[in-house]
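Worksheet for the structure shown next.
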Amino acid sequence: MRKKLAFVTVLLAFLSLIAVACSKTSSSDVDRKILSTEQIKKNVGSKLIQTRENSQSALTQTYQKIVKDKSRTLDDPYVKLNPYKTSPLTALVIFQTDQEAKVSYTVEGESDGTDVTNTVNDGYSTTHQVPVVGLYANKTNNVTINVTYKDGTTATKTIQIKTGALPKYIKNATITVKNTDKSKMDIGNNKLTIINRTTKEPFAIDADGNVRWYSTNYSQHTIEQISNGHMLILTKKKESSRVYNDLIETDVLGRVYKEYSFDPGTKSNDSGNAKDETTVIHHDLLELPNHDILATVSDGSKYKEDVMVQISHKTGKVVKVVDLKRILPSSMYKKYKAGSDGKIDWFHQNSVDYDESDNSIMISGRNQDMIIKLDYKTDKIIWIYSGKTKATWPKKYRDKILTPTQGTTITGGQHGLYLLKHDGDSEDVILYDNNIDVTNGDKKTSGKYSQAIEYRIDTKNMWSYGKNLGKTNFTSIIGFAERESNSNTLIDFGFKDNGKESNIIEVDSEGNQVFNVTMKNASSKAYAYRAYRVPFYSSSYIFDVNSK
């Protein structure tokens, strides 16, 4: 979902509880032992399970039978709302044609620029399985099915699909939109803005701010659209569960294709409050070129949120561990004080991105106000950008420290780092700079504003947006910035006014607002962790009830 593919940061507790609220427990009171790679693998305990797939098998078998039903024609198609019981604003439409044909559909929008149009990506066929997305809630939706036969002739059929009301945690989230210029927004004919919340149901809105998709699966932090058009969603066994330790690969209709489970004993959270929900994978994950998953985790020791694991998409097992305690100076974690939960959150990794051009990863560490690039094969540091002055680093690290050009801002408690482009020796990256001094941030500007910012490594050019909004849009925690296909930037000021609201702003390259949406009253800890503009559905997505 990040334009790296590219679809999260974190429920930290508020700064007054976090950065130095860790001081309640002395460094000597906890076990500072670093775990072995094998112990970390064991603690994470990842494996593939089929609980959700099995629970959906009867539904899939029903649709497989209907696909063979020759009586279902364009004039009398089979229509099933919410076909997999977790995506209420979608439908599955199945019908046959006498000739091979291509199919597209349009969900009629309530205003200009809000139609959702998709082409079914299975080429010419006589059997048609149409995954309809983008319905409005609590409404009879007009959906026009367009058929184009091989001989060039066409046919259409408009069907009505009645949907139910939104669930309370979405309905009660008051959404207001202003400064909208649809002609300049990056919406195309099927893009929506996913609001990925820290907890509760994730949902997506159109340019008017109307909800056009949501999942009944509660998610925490992480939704990632992967190469086949499916989504990876971190969820939990059931709504009442306190731990998010299931990662599902699902599509927009809610069909589950793969399910990873993790040992709940390795769980942790950011608040340190035992009553708050916990998780194994915490802030971010991505799909590697070989389709394995790289995820940020805690390792089960007294340290948390400072390890990454590569998870095999074939076996569900951990095949690689990257432990930042073995890469960065030991003084950083040995001297960092534990929090009220006894855990040492010295790094607090909240994002990871992969650069295929040189097999490297870039990561963000909030509690060190630091971004780093590592060689993914060797785990060697390529560069470090930090407010920690070069002279204070051990000598062996000093040649890796980037020197900012005059006027370049230092990040503070930053989130959502990812690569825009890598061109020779030049790398462009974008991130959400909370601008809060946790350990090595800019003390002079800390707390005065938050911003999306683009850095060009080793050059003097820099783009940013948010400083002019001042304290009004300052957010001590969470946030995201995403560069769109038309060069606009979508920015999530997720924890505005101490979490009472989330403000998502799209600006053009000149900094002009073309979309500004505010979400209030979202319920406890349900503010927008990240916001993504994504196609519904992806051009690589093919729905077939007979496929695995």
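Naming scheme: A, B, ... for chains in displayed order of the structure tokens; residues 1 onward per chain; ligands 1 onward as shown.
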Per residue of region 151-248 of chain A within 9 Å of region 478-497 of chain A, what are the shortest atom pair and its distance in Å to one decimal, counting only C-alpha atoms, with rows by chain and residue number, as a Markdown table?
| residue | atom | partner | partner_atom | distance |
| --- | --- | --- | --- | --- |
| A:Lys184 | CA | A:Asn488 | CA | 8.6 |
| A:Met185 | CA | A:Asn488 | CA | 7.6 |
| A:Asp186 | CA | A:Asn486 | CA | 6.2 |
| A:Arg197 | CA | A:Gly494 | CA | 9.0 |
Restrict the selected residues to N, CA, C and O atoms and save them as a short mmCIF file (atom, residue, chain, number, x, y, z; two decimals), in the first residue's frame.
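So result_22.cif came out as:
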data_model
loop_
_atom_site.label_atom_id
_atom_site.label_comp_id
_atom_site.auth_asym_id
_atom_site.auth_seq_id
_atom_site.Cartn_x
_atom_site.Cartn_y
_atom_site.Cartn_z
N LYS A 184 -7.81 17.23 -9.01
CA LYS A 184 -6.39 17.18 -8.68
C LYS A 184 -6.04 16.07 -7.70
O LYS A 184 -4.86 15.83 -7.44
N MET A 185 -7.06 15.39 -7.16
CA MET A 185 -6.79 14.26 -6.29
C MET A 185 -6.33 13.05 -7.10
O MET A 185 -6.64 12.94 -8.29
N ASP A 186 -5.61 12.17 -6.46
CA ASP A 186 -5.18 10.93 -7.11
C ASP A 186 -6.21 9.84 -6.79
O ASP A 186 -6.03 9.04 -5.89
N ARG A 197 -6.75 1.87 11.22
CA ARG A 197 -6.80 2.37 12.59
C ARG A 197 -5.91 1.54 13.52
O ARG A 197 -5.53 0.42 13.21
#
With a cut-off of 12 Å, could you pull out the residues of region 441-497 of chain A touching region 378-394 of chain A and give me the nearest pair of atoms for each, distance in Å to one decimal, using only C-alpha atoms, ordered by chain and ascending number, as a tab-separated table?
residue	atom	partner	partner_atom	distance
A:Gly441	CA	A:Gly387	CA	5.6
A:Asp442	CA	A:Gly387	CA	7.1
A:Lys443	CA	A:Gly387	CA	10.0
A:Tyr455	CA	A:Tyr385	CA	10.6
A:Arg456	CA	A:Tyr385	CA	11.8
A:Ile457	CA	A:Tyr385	CA	9.5
A:Asp458	CA	A:Trp383	CA	11.0
Produce a file of the selected residues containing N, CA, C and O atoms, as a compact mmCIF listing (two decimals), in the first residue's frame.
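What landed in out_19.txt:
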# COMPACT_ATOMS: atom_id res chain seq x y z
N GLY A 441 16.41 14.02 19.07
CA GLY A 441 15.71 14.93 18.16
C GLY A 441 16.14 16.37 18.36
O GLY A 441 17.02 16.69 19.16
N ASP A 442 15.49 17.26 17.62
CA ASP A 442 15.80 18.68 17.68
C ASP A 442 15.03 19.31 18.86
O ASP A 442 13.82 19.49 18.80
N LYS A 443 15.75 19.63 19.91
CA LYS A 443 15.12 20.17 21.12
C LYS A 443 14.49 21.54 20.89
O LYS A 443 13.51 21.91 21.54
N TYR A 455 13.57 13.41 1.95
CA TYR A 455 15.01 13.62 1.98
C TYR A 455 15.64 13.06 0.72
O TYR A 455 15.24 11.99 0.24
N ARG A 456 16.63 13.76 0.21
CA ARG A 456 17.47 13.20 -0.84
C ARG A 456 18.85 12.98 -0.23
O ARG A 456 19.52 13.93 0.17
N ILE A 457 19.24 11.75 -0.14
CA ILE A 457 20.51 11.42 0.49
C ILE A 457 21.66 11.97 -0.35
O ILE A 457 21.75 11.73 -1.56
N ASP A 458 22.51 12.76 0.31
CA ASP A 458 23.71 13.35 -0.29
C ASP A 458 23.43 14.50 -1.26
O ASP A 458 24.26 14.83 -2.08
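The closest residue to Leu74 (chain A), picked from A:Ile226, A:Val116, A:Val147, A:Ala91 and counting only C-alpha atoms, is A:Val147.
Coordinates place CA of Asp437 (chain A) at a distance of 13.9 Å from CA of Trp346 (chain A).
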>> Please determine, counting only C-alpha atoms, which residue among A:Ser183, A:Thr86, A:Thr176, A:Gln160 has the shortest atom-to-atom distance to Ser502 (chain A).
In response: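 With only C-alpha atoms as the atom set, the closest residue is A:Thr176.
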>> So the first atom is CA of Lys548 (chain A) and the second is CA of Val93 (chain A); what is the distance between them in Å, to one decimal place?
In response: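 The value is 19.1 Å.
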>> Based on the backbone DSSP call, show me all residues of region 385-487 of chain A assigned helix (DSSP H, G or I), as a PyMOL selection string.
In response: chain A and resi 390-392+395-400+467-473
Written selection (C-alpha atoms) as a JSON list (two decimals), in the first residue's frame:
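What landed in selection.json:
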[["chain", "number", "residue", "atom", "x", "y", "z"],
["A", 390, "LYS", "CA", 29.07, 11.86, 15.01],
["A", 391, "ALA", "CA", 31.62, 12.38, 17.79],
["A", 392, "THR", "CA", 29.38, 10.58, 20.31],
["A", 395, "LYS", "CA", 34.59, 5.04, 16.11],
["A", 396, "LYS", "CA", 33.57, 2.04, 14.02],
["A", 397, "TYR", "CA", 30.21, 3.68, 13.25],
["A", 398, "ARG", "CA", 31.36, 7.18, 12.39],
["A", 399, "ASP", "CA", 31.96, 6.65, 8.67],
["A", 400, "LYS", "CA", 28.32, 5.55, 8.35],
["A", 467, "LYS", "CA", 5.42, 23.07, 9.42],
["A", 468, "ASN", "CA", 3.08, 25.85, 8.34],
["A", 469, "LEU", "CA", 0.21, 24.15, 10.19],
["A", 470, "GLY", "CA", 2.09, 24.54, 13.48],
["A", 471, "LYS", "CA", 0.96, 23.07, 16.79],
["A", 472, "THR", "CA", -2.58, 22.55, 15.48],
["A", 473, "ASN", "CA", -1.39, 19.51, 13.55]]
>> For Glu108 (chain A), find every residue with an atom within 9 Å (counting only C-alpha atoms), except residues of its own chain fewer than 2 positions away, and show them as a list in words.
In response: Thr106, Glu110, Ser111, Thr114, Asp115, Val116, Thr117, Leu135, Asn141, Asn142, Val143 and Thr144 of chain A
> Which is closer to Ser261 (chain A) than all the others in A:Tyr465, A:Ala58, A:Val132, A:Leu48, using only C-alpha atoms?
Replying inline: A:Leu48
Find the residues near Ser57 (chain A): any atom within 12 Å, counting only C-alpha atoms, skip ones fewer than 3 places away on the same chain, and give them as a PDB file with C-alpha atoms, in the first residue's frame.
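Output file out-v4.pdb follows:
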ATOM      1  CA  GLN A  50      -6.097 -23.075   8.164  1.00  0.00           C
ATOM      2  CA  THR A  51      -8.711 -22.096  10.726  1.00  0.00           C
ATOM      3  CA  ARG A  52     -10.306 -19.339   8.673  1.00  0.00           C
ATOM      4  CA  GLU A  53      -9.874 -21.110   5.349  1.00  0.00           C
ATOM      5  CA  ASN A  54     -11.631 -24.140   6.741  1.00  0.00           C
ATOM      6  CA  THR A  60     -16.480 -21.489  -1.426  1.00  0.00           C
ATOM      7  CA  GLN A  61     -18.016 -24.848  -2.338  1.00  0.00           C
ATOM      8  CA  THR A  62     -21.400 -23.164  -2.759  1.00  0.00           C
ATOM      9  CA  TYR A  63     -19.948 -20.599  -5.168  1.00  0.00           C
ATOM     10  CA  GLN A  64     -18.078 -23.331  -7.058  1.00  0.00           C
ATOM     11  CA  PRO A  83     -19.862 -13.426   0.276  1.00  0.00           C
ATOM     12  CA  TYR A  84     -17.291 -14.313   2.954  1.00  0.00           C
ATOM     13  CA  ARG A 255     -11.813 -14.604   1.322  1.00  0.00           C
ATOM     14  CA  VAL A 256      -8.798 -15.889   3.281  1.00  0.00           C
ATOM     15  CA  TYR A 257      -6.003 -17.523   1.277  1.00  0.00           C
ATOM     16  CA  VAL A 545     -13.528 -19.595  -6.503  1.00  0.00           C
ATOM     17  CA  ASN A 546     -11.712 -22.598  -7.941  1.00  0.00           C
ATOM     18  CA  LYS A 548      -6.317 -21.587  -3.927  1.00  0.00           C
TER      19      LYS A 548
END
> What is the distance, in Å and to one decimal place, between CA of Asp292 (chain A) and CA of Asn350 (chain A)?
Replying inline: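 Distance between the two atoms: 19.3 Å.
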> Which is closest to Lys238 (chain A) among A:Lys33, A:Lys302, A:His282, A:Lys200, if we use only C-alpha atoms?
Replying inline: A:Lys200
